[in-house]
Structures are given as structure tokens and as C-alpha cells.
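> My file is structure_27.pdb. It has PDB, C-alpha atoms:
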ATOM      1  CA  MET A  22       5.317  32.718 -12.722
ATOM      2  CA  PRO A  23       4.260  36.222 -13.647
ATOM      3  CA  ILE A  24       7.431  37.317 -15.493
ATOM      4  CA  ASP A  25       6.221  36.395 -18.959
ATOM      5  CA  GLY A  26       9.313  37.722 -20.680
ATOM      6  CA  ILE A  27      11.802  35.185 -19.398
ATOM      7  CA  PHE A  28       9.751  32.284 -18.114
ATOM      8  CA  ASP A  29       7.077  31.644 -20.700
ATOM      9  CA  SER A  30       4.033  29.439 -20.200
ATOM     10  CA  THR A  31       6.078  26.312 -20.976
ATOM     11  CA  VAL A  32       7.847  26.524 -17.625
ATOM     12  CA  GLU A  33       4.540  27.151 -15.906
ATOM     13  CA  LEU A  34       2.956  24.177 -17.675
ATOM     14  CA  LEU A  35       5.862  21.835 -16.922
ATOM     15  CA  ALA A  36       5.932  22.888 -13.271
ATOM     16  CA  LYS A  37       2.210  22.221 -13.028
ATOM     17  CA  SER A  38       2.669  18.847 -14.687
ATOM     18  CA  VAL A  39       5.351  17.889 -12.135
ATOM     19  CA  ASP A  40       3.062  19.030  -9.325
ATOM     20  CA  LEU A  41       0.044  17.084 -10.583
ATOM     21  CA  ARG A  42       2.072  13.945 -11.276
ATOM     22  CA  THR A  43       3.416  14.095  -7.712
ATOM     23  CA  ARG A  44      -0.158  14.120  -6.450
ATOM     24  CA  GLU A  45      -1.025  11.248  -8.798
ATOM     25  CA  HIS A  46       1.923   9.271  -7.434
ATOM     26  CA  ASN A  47       0.697   9.884  -3.884
ATOM     27  CA  LEU A  48      -2.695   8.455  -4.831
ATOM     28  CA  ILE A  49      -1.132   5.414  -6.541
ATOM     29  CA  SER A  50       1.018   4.793  -3.444
ATOM     30  CA  SER A  51      -2.104   4.959  -1.345
ATOM     31  CA  ASN A  52      -3.836   2.445  -3.655
ATOM     32  CA  LEU A  53      -0.874   0.071  -3.493
ATOM     33  CA  ALA A  54      -0.653   0.403   0.293
ATOM     34  CA  ASN A  55      -4.303  -0.575   0.559
ATOM     35  CA  ALA A  56      -4.143  -3.438  -1.934
ATOM     36  CA  GLU A  57      -5.282  -5.799   0.833
ATOM     37  CA  THR A  58      -7.575  -3.530   2.855
ATOM     38  CA  PRO A  59     -11.197  -4.715   2.853
ATOM     39  CA  GLY A  60     -13.652  -2.335   1.216
ATOM     40  CA  TYR A  61     -11.023   0.008  -0.274
ATOM     41  CA  THR A  62     -11.684   1.598  -3.689
ATOM     42  CA  PRO A  63      -8.650   2.814  -5.689
ATOM     43  CA  LYS A  64      -8.457   6.492  -6.599
ATOM     44  CA  ALA A  65      -6.886   8.403  -9.454
ATOM     45  CA  LEU A  66      -6.289  12.040 -10.334
ATOM     46  CA  GLN A  67      -7.919  13.226 -13.529
ATOM     47  CA  PHE A  68      -6.376  16.404 -14.889
ATOM     48  CA  GLU A  69      -5.272  15.915 -18.503
ATOM     49  CA  GLU A  70      -8.388  17.450 -20.036
ATOM     50  CA  SER A  71      -8.568  20.497 -17.775
ATOM     51  CA  LEU A  72      -4.829  21.093 -18.221
ATOM     52  CA  GLN A  73      -5.236  20.916 -21.997
ATOM     53  CA  LYS A  74      -8.074  23.434 -21.835
ATOM     54  CA  ALA A  75      -5.975  25.737 -19.668
ATOM     55  CA  VAL A  76      -3.093  25.538 -22.140
ATOM     56  CA  LYS A  77      -5.410  26.408 -25.010
ATOM     57  CA  LYS A  78      -6.780  29.337 -23.054
ATOM     58  CA  SER A  79      -3.346  30.644 -22.135
ATOM     59  CA  THR A  80      -2.127  30.517 -25.734
ATOM     60  CA  VAL A  81      -5.289  31.753 -27.476
ATOM     61  CA  GLY A  82      -7.042  34.167 -25.152
ATOM     62  CA  HIS A  83      -4.163  35.677 -23.290
ATOM     63  CA  ILE A  84      -4.991  39.305 -23.969
ATOM     64  CA  GLY A  85      -7.667  40.725 -21.717
ATOM     65  CA  SER A  86      -7.689  37.870 -19.260
ATOM     66  CA  PRO A  87      -5.958  38.842 -16.013
ATOM     67  CA  SER A  88      -3.916  35.956 -14.715
ATOM     68  CA  VAL A  89      -4.601  34.461 -11.320
ATOM     69  CA  THR A  90      -1.270  34.184  -9.538
ATOM     70  CA  HIS A  91      -2.441  33.673  -5.964
ATOM     71  CA  PRO A  92      -4.967  31.239  -4.455
ATOM     72  CA  ALA A  93      -6.908  34.152  -2.943
ATOM     73  CA  HIS A  94      -7.395  35.877  -6.311
ATOM     74  CA  ILE A  95     -10.896  35.835  -7.684
ATOM     75  CA  PRO A  96     -10.751  34.710 -11.329
ATOM     76  CA  LEU A  97     -12.211  37.228 -13.765
ATOM     77  CA  ARG A  98     -14.077  36.362 -16.920
ATOM     78  CA  GLY A  99     -11.884  34.522 -19.407
ATOM     79  CA  SER A 100      -9.353  33.416 -16.849
ATOM     80  CA  ALA A 101     -11.552  30.759 -15.250
ATOM     81  CA  ASP A 102      -8.921  28.057 -15.452
ATOM     82  CA  SER A 103      -5.389  29.299 -15.822
ATOM     83  CA  ILE A 104      -2.633  26.683 -15.800
ATOM     84  CA  GLN A 105      -1.840  27.446 -12.184
ATOM     85  CA  GLN A 106      -5.421  26.879 -11.170
ATOM     86  CA  VAL A 107      -5.706  23.365 -12.574
ATOM     87  CA  ARG A 108      -6.081  21.020  -9.632
ATOM     88  CA  GLY A 109      -7.571  17.941 -11.223
ATOM     89  CA  THR A 110     -10.329  15.873  -9.694
ATOM     90  CA  VAL A 111      -9.889  12.738  -7.652
ATOM     91  CA  ILE A 112     -12.038   9.965  -9.080
ATOM     92  CA  ASP A 113     -12.747   6.398  -7.987
ATOM     93  CA  VAL A 114     -11.335   3.802 -10.383
ATOM     94  CA  PRO A 115     -12.615   0.451  -9.124
ATOM     95  CA  ALA A 116     -11.511  -2.688 -10.951
ATOM     96  CA  ALA A 117     -14.190  -4.592 -12.863
ATOM     97  CA  THR A 118     -14.024  -7.595 -10.549
ATOM     98  CA  PRO A 119     -13.741  -6.659  -6.872
ATOM     99  CA  GLY A 120     -12.863  -9.449  -4.470
ATOM    100  CA  ARG A 121     -15.139 -10.846  -1.802
ATOM    101  CA  ASP A 122     -13.836  -8.278   0.679
ATOM    102  CA  ARG A 123     -15.079  -5.471  -1.662
ATOM    103  CA  ASN A 124     -11.491  -4.403  -2.313
ATOM    104  CA  SER A 125     -11.206  -3.327  -5.954
ATOM    105  CA  VAL A 126      -7.463  -2.652  -6.283
ATOM    106  CA  GLU A 127      -5.764  -4.389  -9.200
ATOM    107  CA  LEU A 128      -2.030  -4.610  -8.584
ATOM    108  CA  GLU A 129      -1.099  -4.814 -12.289
ATOM    109  CA  ASN A 130      -3.245  -1.823 -13.110
ATOM    110  CA  GLU A 131      -1.682   0.294 -10.374
ATOM    111  CA  MET A 132       1.842  -0.762 -11.294
ATOM    112  CA  SER A 133       1.392   0.166 -14.950
ATOM    113  CA  ARG A 134      -0.171   3.500 -13.989
ATOM    114  CA  MET A 135       2.740   4.123 -11.648
ATOM    115  CA  MET A 136       5.263   3.420 -14.430
ATOM    116  CA  GLN A 137       3.437   5.680 -16.896
ATOM    117  CA  ASN A 138       3.201   8.425 -14.325
ATOM    118  CA  GLN A 139       6.871   8.116 -13.490
ATOM    119  CA  VAL A 140       7.963   8.260 -17.132
ATOM    120  CA  LEU A 141       5.839  11.362 -17.760
ATOM    121  CA  PHE A 142       7.116  12.934 -14.545
ATOM    122  CA  ASN A 143      10.704  12.332 -15.651
ATOM    123  CA  ALA A 144       9.885  13.747 -19.086
ATOM    124  CA  SER A 145       8.550  16.938 -17.509
ATOM    125  CA  THR A 146      11.543  17.391 -15.223
ATOM    126  CA  GLN A 147      13.914  16.697 -18.117
ATOM    127  CA  LEU A 148      12.205  19.304 -20.263
ATOM    128  CA  LEU A 149      12.360  21.794 -17.390
ATOM    129  CA  THR A 150      16.074  21.092 -17.019
ATOM    130  CA  LYS A 151      16.624  21.655 -20.744
ATOM    131  CA  LYS A 152      14.549  24.827 -20.636
ATOM    132  CA  PHE A 153      16.664  26.290 -17.862
ATOM    133  CA  GLU A 154      19.820  25.056 -19.528
ATOM    134  CA  SER A 155      19.031  26.949 -22.711
ATOM    135  CA  LEU A 156      18.125  30.052 -20.679
ATOM    136  CA  ARG A 157      21.439  29.829 -18.875
ATOM    137  CA  SER A 158      23.213  29.368 -22.175
ATOM    138  CA  ALA A 159      21.580  32.550 -23.452
ATOM    139  CA  LEU A 160      22.640  34.391 -20.288
ATOM    140  CA  ARG A 161      26.212  33.274 -20.867
ATOM    141  CA  GLU A 162      26.000  34.549 -24.435
ATOM    142  CA  GLY A 163      26.182  31.031 -25.762
ATOM    143  CA  LYS A 164      29.467  30.264 -24.030
TER     144      LYS A 164
ATOM    145  CA  MET B  19       8.094  17.808  -0.028
ATOM    146  CA  ASP B  20       4.957  15.976  -0.986
ATOM    147  CA  LEU B  21       6.749  12.875  -2.282
ATOM    148  CA  PHE B  22       7.722  12.065   1.298
ATOM    149  CA  THR B  23       4.031  11.555   1.974
ATOM    150  CA  ALA B  24       4.027   8.870  -0.727
ATOM    151  CA  MET B  25       7.054   7.232   0.873
ATOM    152  CA  GLY B  26       5.316   7.280   4.259
ATOM    153  CA  VAL B  27       2.198   5.682   2.785
ATOM    154  CA  SER B  28       4.305   2.983   1.106
ATOM    155  CA  SER B  29       6.261   2.258   4.287
ATOM    156  CA  SER B  30       3.022   1.902   6.260
ATOM    157  CA  ALA B  31       2.067  -0.846   3.811
ATOM    158  CA  LEU B  32       5.484  -2.468   4.156
ATOM    159  CA  SER B  33       5.135  -2.751   7.908
ATOM    160  CA  ALA B  34       1.530  -3.962   7.634
ATOM    161  CA  GLU B  35       2.520  -6.653   5.125
ATOM    162  CA  ARG B  36       5.465  -7.626   7.300
ATOM    163  CA  THR B  37       3.105  -8.084  10.265
ATOM    164  CA  ARG B  38       0.940 -10.265   8.054
ATOM    165  CA  MET B  39       3.960 -12.252   6.912
ATOM    166  CA  ASN B  40       4.951 -12.816  10.574
ATOM    167  CA  LEU B  41       1.467 -14.155  11.286
ATOM    168  CA  ILE B  42       1.621 -16.457   8.244
ATOM    169  CA  SER B  43       5.022 -17.759   9.401
ATOM    170  CA  GLY B  44       3.547 -18.379  12.847
ATOM    171  CA  ASN B  45       0.588 -20.219  11.337
ATOM    172  CA  LEU B  46       2.837 -22.427   9.207
ATOM    173  CA  ALA B  47       5.222 -23.082  12.096
ATOM    174  CA  ASN B  48       2.322 -24.170  14.287
ATOM    175  CA  ALA B  49       0.432 -26.146  11.651
ATOM    176  CA  ASN B  50       0.769 -29.263  13.845
ATOM    177  CA  THR B  51       0.866 -27.749  17.352
ATOM    178  CA  THR B  52      -1.694 -29.420  19.602
ATOM    179  CA  ARG B  53      -0.764 -27.711  22.872
ATOM    180  CA  THR B  54      -0.862 -23.972  23.585
ATOM    181  CA  ALA B  55      -0.681 -21.792  26.710
ATOM    182  CA  GLU B  56      -4.425 -21.108  26.410
ATOM    183  CA  GLY B  57      -5.103 -24.838  26.093
ATOM    184  CA  GLY B  58      -6.235 -26.791  23.048
ATOM    185  CA  PRO B  59      -4.657 -26.730  19.599
ATOM    186  CA  TYR B  60      -3.116 -23.618  17.968
ATOM    187  CA  LYS B  61      -5.640 -21.335  16.261
ATOM    188  CA  ARG B  62      -4.854 -19.651  12.949
ATOM    189  CA  LYS B  63      -4.192 -15.894  13.244
ATOM    190  CA  ASP B  64      -4.875 -13.206  10.668
ATOM    191  CA  ALA B  65      -4.380  -9.433  10.478
ATOM    192  CA  VAL B  66      -7.288  -7.075   9.743
ATOM    193  CA  PHE B  67      -6.149  -4.067   7.705
ATOM    194  CA  LEU B  68      -7.625  -0.598   8.074
ATOM    195  CA  ALA B  69      -7.212   2.403   5.751
ATOM    196  CA  THR B  70      -6.312   5.512   7.777
ATOM    197  CA  THR B  71      -5.272   9.118   7.134
ATOM    198  CA  PRO B  72      -1.511   9.341   6.559
ATOM    199  CA  THR B  73       0.752  10.646   9.313
ATOM    200  CA  ASP B  74       3.951  12.664   9.114
ATOM    201  CA  ARG B  75       7.333  11.493  10.385
ATOM    202  CA  PHE B  76       6.341  12.399  13.939
ATOM    203  CA  GLY B  77       3.171  10.342  13.870
ATOM    204  CA  ARG B  78       0.808  13.292  13.595
ATOM    205  CA  ALA B  79      -2.098  12.881  11.183
ATOM    206  CA  LEU B  80      -1.732  15.007   8.072
ATOM    207  CA  ALA B  81      -4.538  17.462   7.487
ATOM    208  CA  GLY B  82      -5.829  19.562   4.636
ATOM    209  CA  ALA B  83      -5.857  19.107   0.883
ATOM    210  CA  LYS B  84      -2.435  17.423   0.937
ATOM    211  CA  ALA B  85      -3.865  14.267   2.478
ATOM    212  CA  ALA B  86      -7.518  14.599   1.455
ATOM    213  CA  HIS B  87      -7.802  11.388  -0.557
ATOM    214  CA  LEU B  88      -4.707   9.589   0.655
ATOM    215  CA  ARG B  89      -4.956   6.562   2.902
ATOM    216  CA  GLN B  90      -2.157   4.641   4.514
ATOM    217  CA  VAL B  91      -2.712   1.183   5.939
ATOM    218  CA  THR B  92      -2.486   0.010   9.524
ATOM    219  CA  VAL B  93      -3.100  -3.318  11.210
ATOM    220  CA  ASP B  94      -6.401  -2.682  12.987
ATOM    221  CA  ARG B  95      -6.296  -5.881  15.034
ATOM    222  CA  ILE B  96      -5.136  -9.466  14.928
ATOM    223  CA  VAL B  97      -7.947 -11.999  14.989
ATOM    224  CA  GLU B  98      -8.058 -15.725  15.665
ATOM    225  CA  ASP B  99      -9.749 -17.898  13.077
ATOM    226  CA  LYS B 100     -13.052 -19.239  14.467
ATOM    227  CA  LYS B 101     -12.974 -22.339  12.300
ATOM    228  CA  PRO B 102     -13.250 -25.608  14.324
ATOM    229  CA  PRO B 103     -10.079 -27.651  14.775
ATOM    230  CA  ARG B 104      -9.303 -30.329  12.254
ATOM    231  CA  MET B 105      -9.976 -33.777  13.824
ATOM    232  CA  GLN B 106      -7.370 -36.327  12.922
ATOM    233  CA  TYR B 107      -7.564 -40.003  13.818
ATOM    234  CA  ASP B 108      -4.407 -40.957  15.734
ATOM    235  CA  PRO B 109      -5.125 -43.068  18.849
ATOM    236  CA  SER B 110      -1.446 -43.285  19.801
ATOM    237  CA  HIS B 111      -1.172 -39.490  20.183
ATOM    238  CA  PRO B 112      -1.052 -38.346  23.841
ATOM    239  CA  ASP B 113      -3.666 -35.630  23.107
ATOM    240  CA  ALA B 114      -6.145 -38.044  21.483
ATOM    241  CA  ASN B 115      -9.673 -38.120  22.938
ATOM    242  CA  GLN B 116     -11.585 -41.284  23.962
ATOM    243  CA  ASP B 117     -12.517 -41.970  20.329
ATOM    244  CA  GLY B 118      -8.879 -41.703  19.229
ATOM    245  CA  TYR B 119      -9.193 -38.321  17.478
ATOM    246  CA  VAL B 120      -6.688 -35.491  17.960
ATOM    247  CA  ALA B 121      -7.786 -31.842  17.626
ATOM    248  CA  MET B 122      -5.278 -30.363  15.175
ATOM    249  CA  PRO B 123      -4.864 -26.623  14.430
ATOM    250  CA  ASN B 124      -7.334 -25.101  11.943
ATOM    251  CA  VAL B 125      -4.416 -24.103   9.677
ATOM    252  CA  ASN B 126      -4.657 -24.985   5.986
ATOM    253  CA  VAL B 127      -1.079 -25.047   4.724
ATOM    254  CA  VAL B 128      -2.110 -24.428   1.089
ATOM    255  CA  GLU B 129      -4.141 -21.346   2.071
ATOM    256  CA  GLU B 130      -1.207 -20.021   4.066
ATOM    257  CA  MET B 131       1.127 -20.476   1.104
ATOM    258  CA  VAL B 132      -1.274 -18.546  -1.143
ATOM    259  CA  ASP B 133      -1.512 -15.759   1.451
ATOM    260  CA  MET B 134       2.266 -15.713   1.678
ATOM    261  CA  ILE B 135       2.634 -15.208  -2.086
ATOM    262  CA  THR B 136       0.034 -12.414  -2.043
ATOM    263  CA  ALA B 137       1.787 -10.699   0.862
ATOM    264  CA  THR B 138       5.137 -10.982  -0.945
ATOM    265  CA  ARG B 139       3.763  -9.484  -4.156
ATOM    266  CA  VAL B 140       2.076  -6.577  -2.382
ATOM    267  CA  TYR B 141       5.270  -5.977  -0.390
ATOM    268  CA  GLU B 142       7.264  -5.874  -3.634
ATOM    269  CA  ALA B 143       4.759  -3.516  -5.239
ATOM    270  CA  ASN B 144       5.111  -1.124  -2.319
ATOM    271  CA  VAL B 145       8.896  -1.294  -2.431
ATOM    272  CA  MET B 146       8.618  -0.336  -6.109
ATOM    273  CA  ALA B 147       6.323   2.574  -5.239
ATOM    274  CA  ALA B 148       8.759   3.851  -2.608
ATOM    275  CA  GLN B 149      11.645   3.520  -5.072
ATOM    276  CA  ALA B 150       9.647   5.411  -7.697
ATOM    277  CA  ALA B 151       8.964   8.222  -5.211
ATOM    278  CA  LYS B 152      12.656   8.391  -4.381
ATOM    279  CA  GLY B 153      13.557   8.448  -8.085
ATOM    280  CA  MET B 154      11.088  11.244  -8.741
ATOM    281  CA  ALA B 155      12.349  13.284  -5.789
ATOM    282  CA  LEU B 156      15.947  12.905  -6.978
ATOM    283  CA  LYS B 157      14.901  13.803 -10.523
ATOM    284  CA  THR B 158      13.466  17.114  -9.325
ATOM    285  CA  LEU B 159      16.847  17.943  -7.788
ATOM    286  CA  GLU B 160      18.316  17.756 -11.277
ATOM    287  CA  ILE B 161      16.147  20.623 -12.522
ATOM    288  CA  GLY B 162      18.451  23.320 -11.234
ATOM    289  CA  ARG B 163      21.663  21.510 -12.049
TER     290      ARG B 163
END
Can you turn what I pasted into C-alpha cells?


Amino acid sequence: MPIDGIFDSTVELLAKSVDLRTREHNLISSNLANAETPGYTPKALQFEESLQKAVKKSTVGHIGSPSVTHPAHIPLRGSADSIQQVRGTVIDVPAATPGRDRNSVELENEMSRMMQNQVLFNASTQLLTKKFESLRSALREGK
Amino acid sequence: MDLFTAMGVSSSALSAERTRMNLISGNLANANTTRTAEGGPYKRKDAVFLATTPTDRFGRALAGAKAAHLRQVTVDRIVEDKKPPRMQYDPSHPDANQDGYVAMPNVNVVEEMVDMITATRVYEANVMAAQAAKGMALKTLEIGR
């Protein structure tokens, strides 16, 4: 979102959060679907740290770091990981005690991760809604 | 919409678990069947699951980063248990051999019950996942409201 004046980095960050949590939910669904498949290892998306770093970078070193607004853009120095560029990495999260069929999905684990992910997803969408609501309120001169 | 991929993955698991549940029902129903079309007692059947790349609503395999690490589940094949039949002493049974033993199906009712509970729980978990995906998709529609 290149129009910095109206849509600040909060909207960008929240949109990214919604995007990443959708991907995380896809992975959790895939883990749950394969809860009984022999040899399957559960996967998770790790992005919190890189997103945090990107937020820090966007708030601290904004001046002099051209933003990357398109996948084909080559990032310049200082803009190595803008919020939009954060993709997260898919990691294997095998349970401590895999079964005899080498399946290491733990149903409880996946369910609790799904709930957490869903709550945080809803929080992000709610904040986005509020953000736009307040913008709209400003456009209507507070009416 | 990427959340539809999640719903597709969950529904693949629902149909796989349903297939498994059908097999378990068949095994329990035939726990005492001594005659089959192939001859001999009933043999326990089990589904072998396989993790595959997710498909879209038209059955085409998804490609690219969208489906890179995602796996849906399909029933690869249905196998017959190779365990020997359980020999039960019952000389009055019409299928008893010369020594008075009847070859009973290799179905262990307790094992089947345990499998049934597992299948139910995994089915429920996947229903929850599909519901969560639906909830998230509907929540995004509220952004512009």
C-alpha cells in the first residue's frame, strides 16, 4: 500500500498478518487431514520474528530505504525485508513421540494451534475493520 | 481465495475418514462371517492413506507456492489383513473341519472399536478445521462493512 498518507503501515501490517495466518491455517488443515497418514510430518509457518524485524525496520529506518511494492522489485540496501516481503518459512514440527507408522501429528497440538491462529486472525481482521471505520468517520467529518 | 484450499484439504480428510469408517463398520458387521464369495471366512479390511498435493474444485492439482507444503489425504488402496483366521472349536458348526475347528474372521472387535474412536476424533477435528476456515473467510468479509 504505497499511499503512506492515508493508509499507514498499520494497515499494511494487519493485511500481512491476515495473509500469513491464512497460510498457517492451510498448513494446520493439511496436518489435521493427514493425522492418520503413515510417515507424515506436521508443518508450521514461522513468521513472527521476521515480521517483527520488518515492523522495526519500517518504523525506524524508513527514510532512505525505497519500499518494495512489487514481487519483481529488487530490494535495495536497507529495505531487505519490508512488511510486504515477509513470507515466513515452513518448518517441520514433529511431535516428540511419533507412532509406529512414523506419523508425528498430535491432534491436541494442532487443535490448539488452530484455535490460537484463529483468534489472532480474528483480532487482525477486527483491527482492520476498526481502522477503516475510523478513516470513514474522518471522511464523514465525524458524522 | 486461499481459505478454500484449506476447506478442500479438510474435506479430503473427511471423505478418507468416512471410507475408513465404512471399512470398520464392514469389519464389525462381519466379525462372525464364515462364508464369503471368495470362499473361506471374511478377512479384515483396512484403508491405506496417502498424502497428495491438493486439488481445486475441478480436481486439478494445485501448483506453485500456494500449495507448496500443503498435502491433502486420499485413500491409496484398500488392503486385506494377512493375519490367519481365528480357529474356534465348535464341532456342531456346518463349516467346522475334521478336528471340529471353525475358521473365524481375523477381526478383533476391540481393535476395531479403538480404530472407530480414532476415526471419529480425526473426523471431528477436520470438521472443526473446515468450520474455522469458513469463520475466517466470513470474518474477512466484515473488513469492508

> With all atoms listed in the file as the atoms that count, which of A:Thr31, A:Ser71, A:Gly109, A:Ile104 lies nearest to Lys151 (chain A)?

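Between A:Thr31, A:Ser71, A:Gly109, A:Ile104, the residue approaching Lys151 (chain A) most closely is A:Thr31.
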
> Counting only C-alpha atoms, which residues of chain B come no farther than 10 Å from chain A, as a PyMOL selection string?

chain B and resi 19-32+34-35+66-72+84-93+136-137+139-141+143-148+150-151+153-155+157-163

> Using all atoms listed in the file, determine which residues lie at most 9 Å from Pro102 (chain B), disregarding the query and same-chain residues fewer than 6 positions distant; provide the list as a ChimeraX atom specification.

/B:61,121,123-124

> Restricting the calculation to all atoms listed in the file, which member of B:Thr52, B:Thr73, B:Gln149, B:Thr138 is positioned closest to Tyr119 (chain B)?

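Among B:Thr52, B:Thr73, B:Gln149, B:Thr138, it is B:Thr52 that comes nearest to Tyr119 (chain B).
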
> Choose the residue, out of B:Ser43, B:Arg38, B:Arg75, B:Lys63, that has the smallest atom-to-atom separation from Val97 (chain B); count all atoms listed in the file.

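Smallest distance to Val97 (chain B) is found for B:Lys63.
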
> Let me make sure I understand: among A:Arg108, A:His94, A:Ala117, A:Leu35, which one has the smallest atom-to-atom distance to Glu70 (chain A) if we use all atoms listed in the file?

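Selected residue with least distance to Glu70 (chain A): A:Arg108.
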
> Which residues come within 12 Å of Pro103 (chain B), counting all atoms listed in the file, excluding same-chain residues fewer than 2 positions away, as a list in words?

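Here the qualifying residues turn out to be Ala49, Asn50, Thr51, Thr52, Gly58, Pro59, Tyr60, Lys61, Arg62, Asp99, Lys100, Lys101, Met105, Gln106, Tyr119, Val120, Ala121, Met122, Pro123, Asn124, Val125 and Asn126 of chain B.
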
> Between CA of Gly44 (chain B) and CA of Ile96 (chain B), what distance in Å does the model show, to one decimal?

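One can read the CA of Gly44 (chain B) to CA of Ile96 (chain B) distance as 12.6 Å.
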